[in-house]
Amino acid sequence: MFSQSLSDQPLLTETEINKLLQSAASVASDSENSALIARKSGEILSPDTGAGTDFAELRAYHAGDDPRHIDWRATARSSIPLLRTFHNERSQPLCILIDRTDSMRYGTQVRLKVTQALRLALWISGREARNNRDISFVIVDKPSHWLPEQQGINSIKQMLKQANLPCPPPDYNETSEQQSADNTVNWKQILSGIKQHISQGSELVLISDFNSLDNSHSKLMRTLGQYCLCHSIHIFDPSETQADFPAAIELQWHNLVCKLSLHRQQTITKLNAAIDARIATIQKIFSKARVNYMGLSVIQQDLSAIGRRV
């Protein structure tokens, strides 16, 4: 349980935010050097042509074209005016979803799942902001927020205003109907809304525990996976990956109390089987949708390993 003072605090302190941004910036510097080398060797090309620096192809000159781009040697060889075209230099927009719903406000070690989700979102956006990449955010909460594309650090400042707010524990005085309606992610609504807001070919990062994701969302996820480059980061607490309790647990739902003795190997086996089945379902949904899937525990401090894969 949280103390009142703790539940009123932002998820991350200013010191923690600055450390994450500094860590991301150091990785961004390495990436910039690698990208520069790649561009020099012609390995990074945009599919569109425009006013860039990487040569795309020769084509016939048309009225209104910039005559400075005429290739005179190629023109002399072919006897018709030929124009040099170039690939556009434009960054791929990035959209990051951060889940702040009630199932994310849970943690048995180090930090809450929602805090780890925010840490990763901050690390990724901090790395990309260094290159002035256009970044938008979806903050899934009560209510949810769509933060339109902005360049650089401005996008992060707007995100922190919503995503770094305190996350008090769920109010279990609500009726079960209210909890069912308000405390989970409406993936159908969220995924449909994302597709309407981002441009085709954008990069999308979903950071959640995917608590309410099920097979009914498979088709919509496949559509989104075809529409953009999509990554899913599954945030989990160690207690959610294996039933490893010392003696017994007590499950309470309002006035109903159920006690389970975990001295019985049969009980532990059933719980672990249910946990494994749930994780397998989530992985299968993303696999069929061709969405990159990664898992991240709340106890993992260094985010660079998983962050580099996005």
# chains A, B, ... in the order shown; residues from 1 in each chain; ligands from 1
>>> residues_around(residues="Phe210 of chain A", least_positions_apart="6", cutoff="10 Å", atoms="only C-alpha atoms", output="list in words")
Asp99, Ser103, Met104, Thr184, Val185, Trp187, Ser232, Ile233, His234, Ile235, Phe236, Ile279 and Ile282 of chain A
>>> write_last_selection(atoms="N, CA and C atoms", output="PDB file, in the first residue's frame")
ATOM      1  N   ASP A  99       0.981   3.828 -21.121  1.00  0.00           N
ATOM      2  CA  ASP A  99      -0.191   3.327 -20.404  1.00  0.00           C
ATOM      3  C   ASP A  99      -0.097   3.713 -18.924  1.00  0.00           C
ATOM      4  N   SER A 103      -3.922  -1.069 -13.932  1.00  0.00           N
ATOM      5  CA  SER A 103      -3.079  -2.263 -13.857  1.00  0.00           C
ATOM      6  C   SER A 103      -1.596  -1.916 -13.917  1.00  0.00           C
ATOM      7  N   MET A 104      -1.281  -0.725 -14.433  1.00  0.00           N
ATOM      8  CA  MET A 104       0.112  -0.279 -14.488  1.00  0.00           C
ATOM      9  C   MET A 104       0.570   0.326 -13.156  1.00  0.00           C
ATOM     10  N   THR A 184      -9.314  -0.073 -17.523  1.00  0.00           N
ATOM     11  CA  THR A 184      -8.548  -0.825 -18.514  1.00  0.00           C
ATOM     12  C   THR A 184      -8.429  -0.018 -19.799  1.00  0.00           C
ATOM     13  N   VAL A 185      -7.487  -0.434 -20.641  1.00  0.00           N
ATOM     14  CA  VAL A 185      -7.280   0.239 -21.926  1.00  0.00           C
ATOM     15  C   VAL A 185      -8.326  -0.257 -22.918  1.00  0.00           C
ATOM     16  N   TRP A 187      -8.491  -0.915 -26.151  1.00  0.00           N
ATOM     17  CA  TRP A 187      -7.534  -1.028 -27.240  1.00  0.00           C
ATOM     18  C   TRP A 187      -8.171  -0.768 -28.603  1.00  0.00           C
ATOM     19  N   SER A 232       6.224  -3.100 -29.653  1.00  0.00           N
ATOM     20  CA  SER A 232       5.480  -3.257 -28.402  1.00  0.00           C
ATOM     21  C   SER A 232       6.461  -3.578 -27.283  1.00  0.00           C
ATOM     22  N   ILE A 233       6.376  -2.812 -26.190  1.00  0.00           N
ATOM     23  CA  ILE A 233       7.229  -3.027 -25.028  1.00  0.00           C
ATOM     24  C   ILE A 233       6.333  -3.470 -23.875  1.00  0.00           C
ATOM     25  N   HIS A 234       6.467  -4.722 -23.484  1.00  0.00           N
ATOM     26  CA  HIS A 234       5.633  -5.313 -22.445  1.00  0.00           C
ATOM     27  C   HIS A 234       6.286  -5.078 -21.083  1.00  0.00           C
ATOM     28  N   ILE A 235       5.708  -4.183 -20.283  1.00  0.00           N
ATOM     29  CA  ILE A 235       6.230  -3.883 -18.954  1.00  0.00           C
ATOM     30  C   ILE A 235       5.640  -4.886 -17.957  1.00  0.00           C
ATOM     31  N   PHE A 236       6.503  -5.511 -17.157  1.00  0.00           N
ATOM     32  CA  PHE A 236       5.999  -6.498 -16.211  1.00  0.00           C
ATOM     33  C   PHE A 236       6.747  -6.425 -14.883  1.00  0.00           C
ATOM     34  N   ILE A 279       1.123 -14.674 -21.250  1.00  0.00           N
ATOM     35  CA  ILE A 279       2.263 -14.071 -21.954  1.00  0.00           C
ATOM     36  C   ILE A 279       2.317 -14.578 -23.397  1.00  0.00           C
ATOM     37  N   ILE A 282      -0.224 -12.739 -25.624  1.00  0.00           N
ATOM     38  CA  ILE A 282       0.230 -11.399 -26.010  1.00  0.00           C
ATOM     39  C   ILE A 282       1.286 -11.478 -27.111  1.00  0.00           C
TER      40      ILE A 282
END
>>> residues_around(residues="Trp72 of chain A", least_positions_apart="3", cutoff="10 Å", atoms="only C-alpha atoms", output="VMD selection string")
chain A and resid 68 to 69 75 to 84
>>> write_last_selection(atoms="N, CA and C atoms", output="PDB file, in the first residue's frame")
ATOM      1  N   ARG A  68      19.607  23.859 -62.693  1.00  0.00           N
ATOM      2  CA  ARG A  68      20.890  23.621 -62.032  1.00  0.00           C
ATOM      3  C   ARG A  68      21.123  22.131 -61.798  1.00  0.00           C
ATOM      4  N   HIS A  69      20.041  21.314 -61.858  1.00  0.00           N
ATOM      5  CA  HIS A  69      20.175  19.882 -61.610  1.00  0.00           C
ATOM      6  C   HIS A  69      20.321  19.071 -62.895  1.00  0.00           C
ATOM      7  N   THR A  75      23.337  14.225 -70.450  1.00  0.00           N
ATOM      8  CA  THR A  75      22.549  14.827 -71.529  1.00  0.00           C
ATOM      9  C   THR A  75      23.275  14.707 -72.859  1.00  0.00           C
ATOM     10  N   ALA A  76      24.590  14.937 -72.834  1.00  0.00           N
ATOM     11  CA  ALA A  76      25.377  14.850 -74.071  1.00  0.00           C
ATOM     12  C   ALA A  76      25.383  13.430 -74.619  1.00  0.00           C
ATOM     13  N   ARG A  77      25.415  12.440 -73.720  1.00  0.00           N
ATOM     14  CA  ARG A  77      25.444  11.052 -74.167  1.00  0.00           C
ATOM     15  C   ARG A  77      24.100  10.593 -74.738  1.00  0.00           C
ATOM     16  N   SER A  78      22.995  11.124 -74.181  1.00  0.00           N
ATOM     17  CA  SER A  78      21.672  10.633 -74.583  1.00  0.00           C
ATOM     18  C   SER A  78      20.988  11.526 -75.600  1.00  0.00           C
ATOM     19  N   SER A  79      21.507  12.738 -75.780  1.00  0.00           N
ATOM     20  CA  SER A  79      20.935  13.705 -76.729  1.00  0.00           C
ATOM     21  C   SER A  79      19.612  14.290 -76.257  1.00  0.00           C
ATOM     22  N   ILE A  80      19.177  13.984 -75.025  1.00  0.00           N
ATOM     23  CA  ILE A  80      17.975  14.629 -74.458  1.00  0.00           C
ATOM     24  C   ILE A  80      18.352  15.149 -73.074  1.00  0.00           C
ATOM     25  N   PRO A  81      17.736  16.276 -72.666  1.00  0.00           N
ATOM     26  CA  PRO A  81      18.065  16.840 -71.354  1.00  0.00           C
ATOM     27  C   PRO A  81      17.695  15.872 -70.221  1.00  0.00           C
ATOM     28  N   LEU A  82      18.674  15.553 -69.375  1.00  0.00           N
ATOM     29  CA  LEU A  82      18.443  14.653 -68.239  1.00  0.00           C
ATOM     30  C   LEU A  82      18.719  15.386 -66.932  1.00  0.00           C
ATOM     31  N   LEU A  83      17.863  15.112 -65.968  1.00  0.00           N
ATOM     32  CA  LEU A  83      17.921  15.798 -64.682  1.00  0.00           C
ATOM     33  C   LEU A  83      18.327  14.814 -63.587  1.00  0.00           C
ATOM     34  N   ARG A  84      19.205  15.266 -62.693  1.00  0.00           N
ATOM     35  CA  ARG A  84      19.573  14.460 -61.531  1.00  0.00           C
ATOM     36  C   ARG A  84      18.551  14.698 -60.423  1.00  0.00           C
TER      37      ARG A  84
END
>>> closest_residue(among="A:Thr85, A:Ser7, A:Gln162, A:Gln283", to="Pro67 of chain A", atoms="only C-alpha atoms")
A:Thr85
>>> atom_distance(atom1="atom CA of Gly107 of chain A", atom2="atom CA of Gln266 of chain A")
25.9 Å
>>> residues_around(residues="Ser216 of chain A", least_positions_apart="6", cutoff="12 Å", atoms="only C-alpha atoms", output="mmCIF file with C-alpha atoms, in the first residue's frame")
data_model
loop_
_atom_site.group_PDB
_atom_site.id
_atom_site.type_symbol
_atom_site.label_atom_id
_atom_site.label_comp_id
_atom_site.auth_asym_id
_atom_site.auth_seq_id
_atom_site.Cartn_x
_atom_site.Cartn_y
_atom_site.Cartn_z
ATOM 1 C CA ASN A 186 -9.936 0.319 -24.634
ATOM 2 C CA TRP A 187 -7.534 -1.028 -27.240
ATOM 3 C CA LYS A 188 -10.087 -0.888 -30.055
ATOM 4 C CA ARG A 222 -2.406 -6.407 -37.909
ATOM 5 C CA THR A 281 -1.246 -14.895 -26.011
ATOM 6 C CA ILE A 282 0.230 -11.399 -26.010
ATOM 7 C CA ILE A 285 -1.013 -11.278 -31.158
#
>>> atom_distance(atom1="atom CA of Ile96 of chain A", atom2="atom CA of Ala277 of chain A")
27.1 Å
>>> closest_residue(among="A:Ile98, A:Leu20, A:Ile306, A:Leu271", to="Ala163 of chain A", atoms="only C-alpha atoms")
A:Ile98
>>> select_by_dssp(residues="segment 68-220 of chain A", states="strand (DSSP E or B)", output="PyMOL selection string")
chain A and resi 70+82-87+94-99+134-140+145-151+203-208
>>> write_last_selection(atoms="C-alpha atoms", output="mmCIF file, in the first residue's frame")
data_model
loop_
_atom_site.group_PDB
_atom_site.id
_atom_site.type_symbol
_atom_site.label_atom_id
_atom_site.label_comp_id
_atom_site.auth_asym_id
_atom_site.auth_seq_id
_atom_site.Cartn_x
_atom_site.Cartn_y
_atom_site.Cartn_z
ATOM 1 C CA ILE A 70 20.663 19.061 -65.305
ATOM 2 C CA LEU A 82 18.443 14.653 -68.239
ATOM 3 C CA LEU A 83 17.921 15.798 -64.682
ATOM 4 C CA ARG A 84 19.573 14.460 -61.531
ATOM 5 C CA THR A 85 17.033 13.750 -58.735
ATOM 6 C CA PHE A 86 17.761 13.276 -55.051
ATOM 7 C CA HIS A 87 16.214 11.514 -52.073
ATOM 8 C CA LEU A 94 7.574 8.920 -33.976
ATOM 9 C CA CYS A 95 4.539 8.241 -31.768
ATOM 10 C CA ILE A 96 4.874 6.821 -28.241
ATOM 11 C CA LEU A 97 1.984 5.375 -26.212
ATOM 12 C CA ILE A 98 2.295 5.388 -22.414
ATOM 13 C CA ASP A 99 -0.191 3.327 -20.404
ATOM 14 C CA ASP A 134 8.826 14.995 -34.790
ATOM 15 C CA ILE A 135 7.392 13.157 -31.765
ATOM 16 C CA SER A 136 3.784 12.695 -30.662
ATOM 17 C CA PHE A 137 2.419 10.931 -27.591
ATOM 18 C CA VAL A 138 -0.672 9.022 -26.528
ATOM 19 C CA ILE A 139 -1.162 9.096 -22.740
ATOM 20 C CA VAL A 140 -3.705 6.407 -21.851
ATOM 21 C CA HIS A 145 -4.592 12.541 -23.995
ATOM 22 C CA TRP A 146 -3.311 12.933 -27.554
ATOM 23 C CA LEU A 147 -0.261 15.203 -27.765
ATOM 24 C CA PRO A 148 0.338 16.258 -31.400
ATOM 25 C CA GLU A 149 3.742 16.133 -33.085
ATOM 26 C CA GLN A 150 6.351 18.584 -31.918
ATOM 27 C CA GLN A 151 10.057 18.788 -32.558
ATOM 28 C CA GLU A 203 7.165 4.684 -36.160
ATOM 29 C CA LEU A 204 4.969 3.671 -33.212
ATOM 30 C CA VAL A 205 6.070 2.467 -29.764
ATOM 31 C CA LEU A 206 3.435 0.919 -27.474
ATOM 32 C CA ILE A 207 4.531 0.801 -23.809
ATOM 33 C CA SER A 208 2.070 -1.091 -21.621
#
>>> closest_residue(among="A:Gln9, A:Asn211, A:Leu229, A:Ile17", to="Ile198 of chain A", atoms="only C-alpha atoms")
A:Leu229
>>> residues_around(residues="Gln116 of chain A", least_positions_apart="4", cutoff="8 Å", atoms="only C-alpha atoms", output="PyMOL selection string")
chain A and resi 111-112+120+235+298
>>> select_by_dssp(residues="segment 56-300 of chain A", states="helix (DSSP H, G or I)", output="PyMOL selection string")
chain A and resi 67-69+72-78+102-104+113-129+153-163+176-182+187-197+215-227+238-240+265-288
>>> closest_atom_pairs(of="segment 93-211 of chain A", to="segment 299-303 of chain A", cutoff="12 Å", atoms="only C-alpha atoms", output="tab-separated table")
residue	atom	partner	partner_atom	distance
A:Gly107	CA	A:Ile299	CA	9.4
A:Thr108	CA	A:Ile299	CA	9.5
A:Gln109	CA	A:Ile299	CA	6.5
A:Val110	CA	A:Ile299	CA	5.8
A:Arg111	CA	A:Ile299	CA	7.1
A:Leu112	CA	A:Ile299	CA	9.3
A:Lys113	CA	A:Ile299	CA	9.4
A:Thr115	CA	A:Ile299	CA	10.8
A:Gln116	CA	A:Ile299	CA	8.4
A:Ala117	CA	A:Leu303	CA	10.7
A:Leu118	CA	A:Leu303	CA	11.4
A:Arg119	CA	A:Leu303	CA	8.2
A:Leu120	CA	A:Leu303	CA	6.7
A:Ala121	CA	A:Leu303	CA	10.1
A:Leu122	CA	A:Leu303	CA	10.3
A:Trp123	CA	A:Leu303	CA	7.4
A:Ile124	CA	A:Leu303	CA	9.1
A:Arg127	CA	A:Leu303	CA	11.7
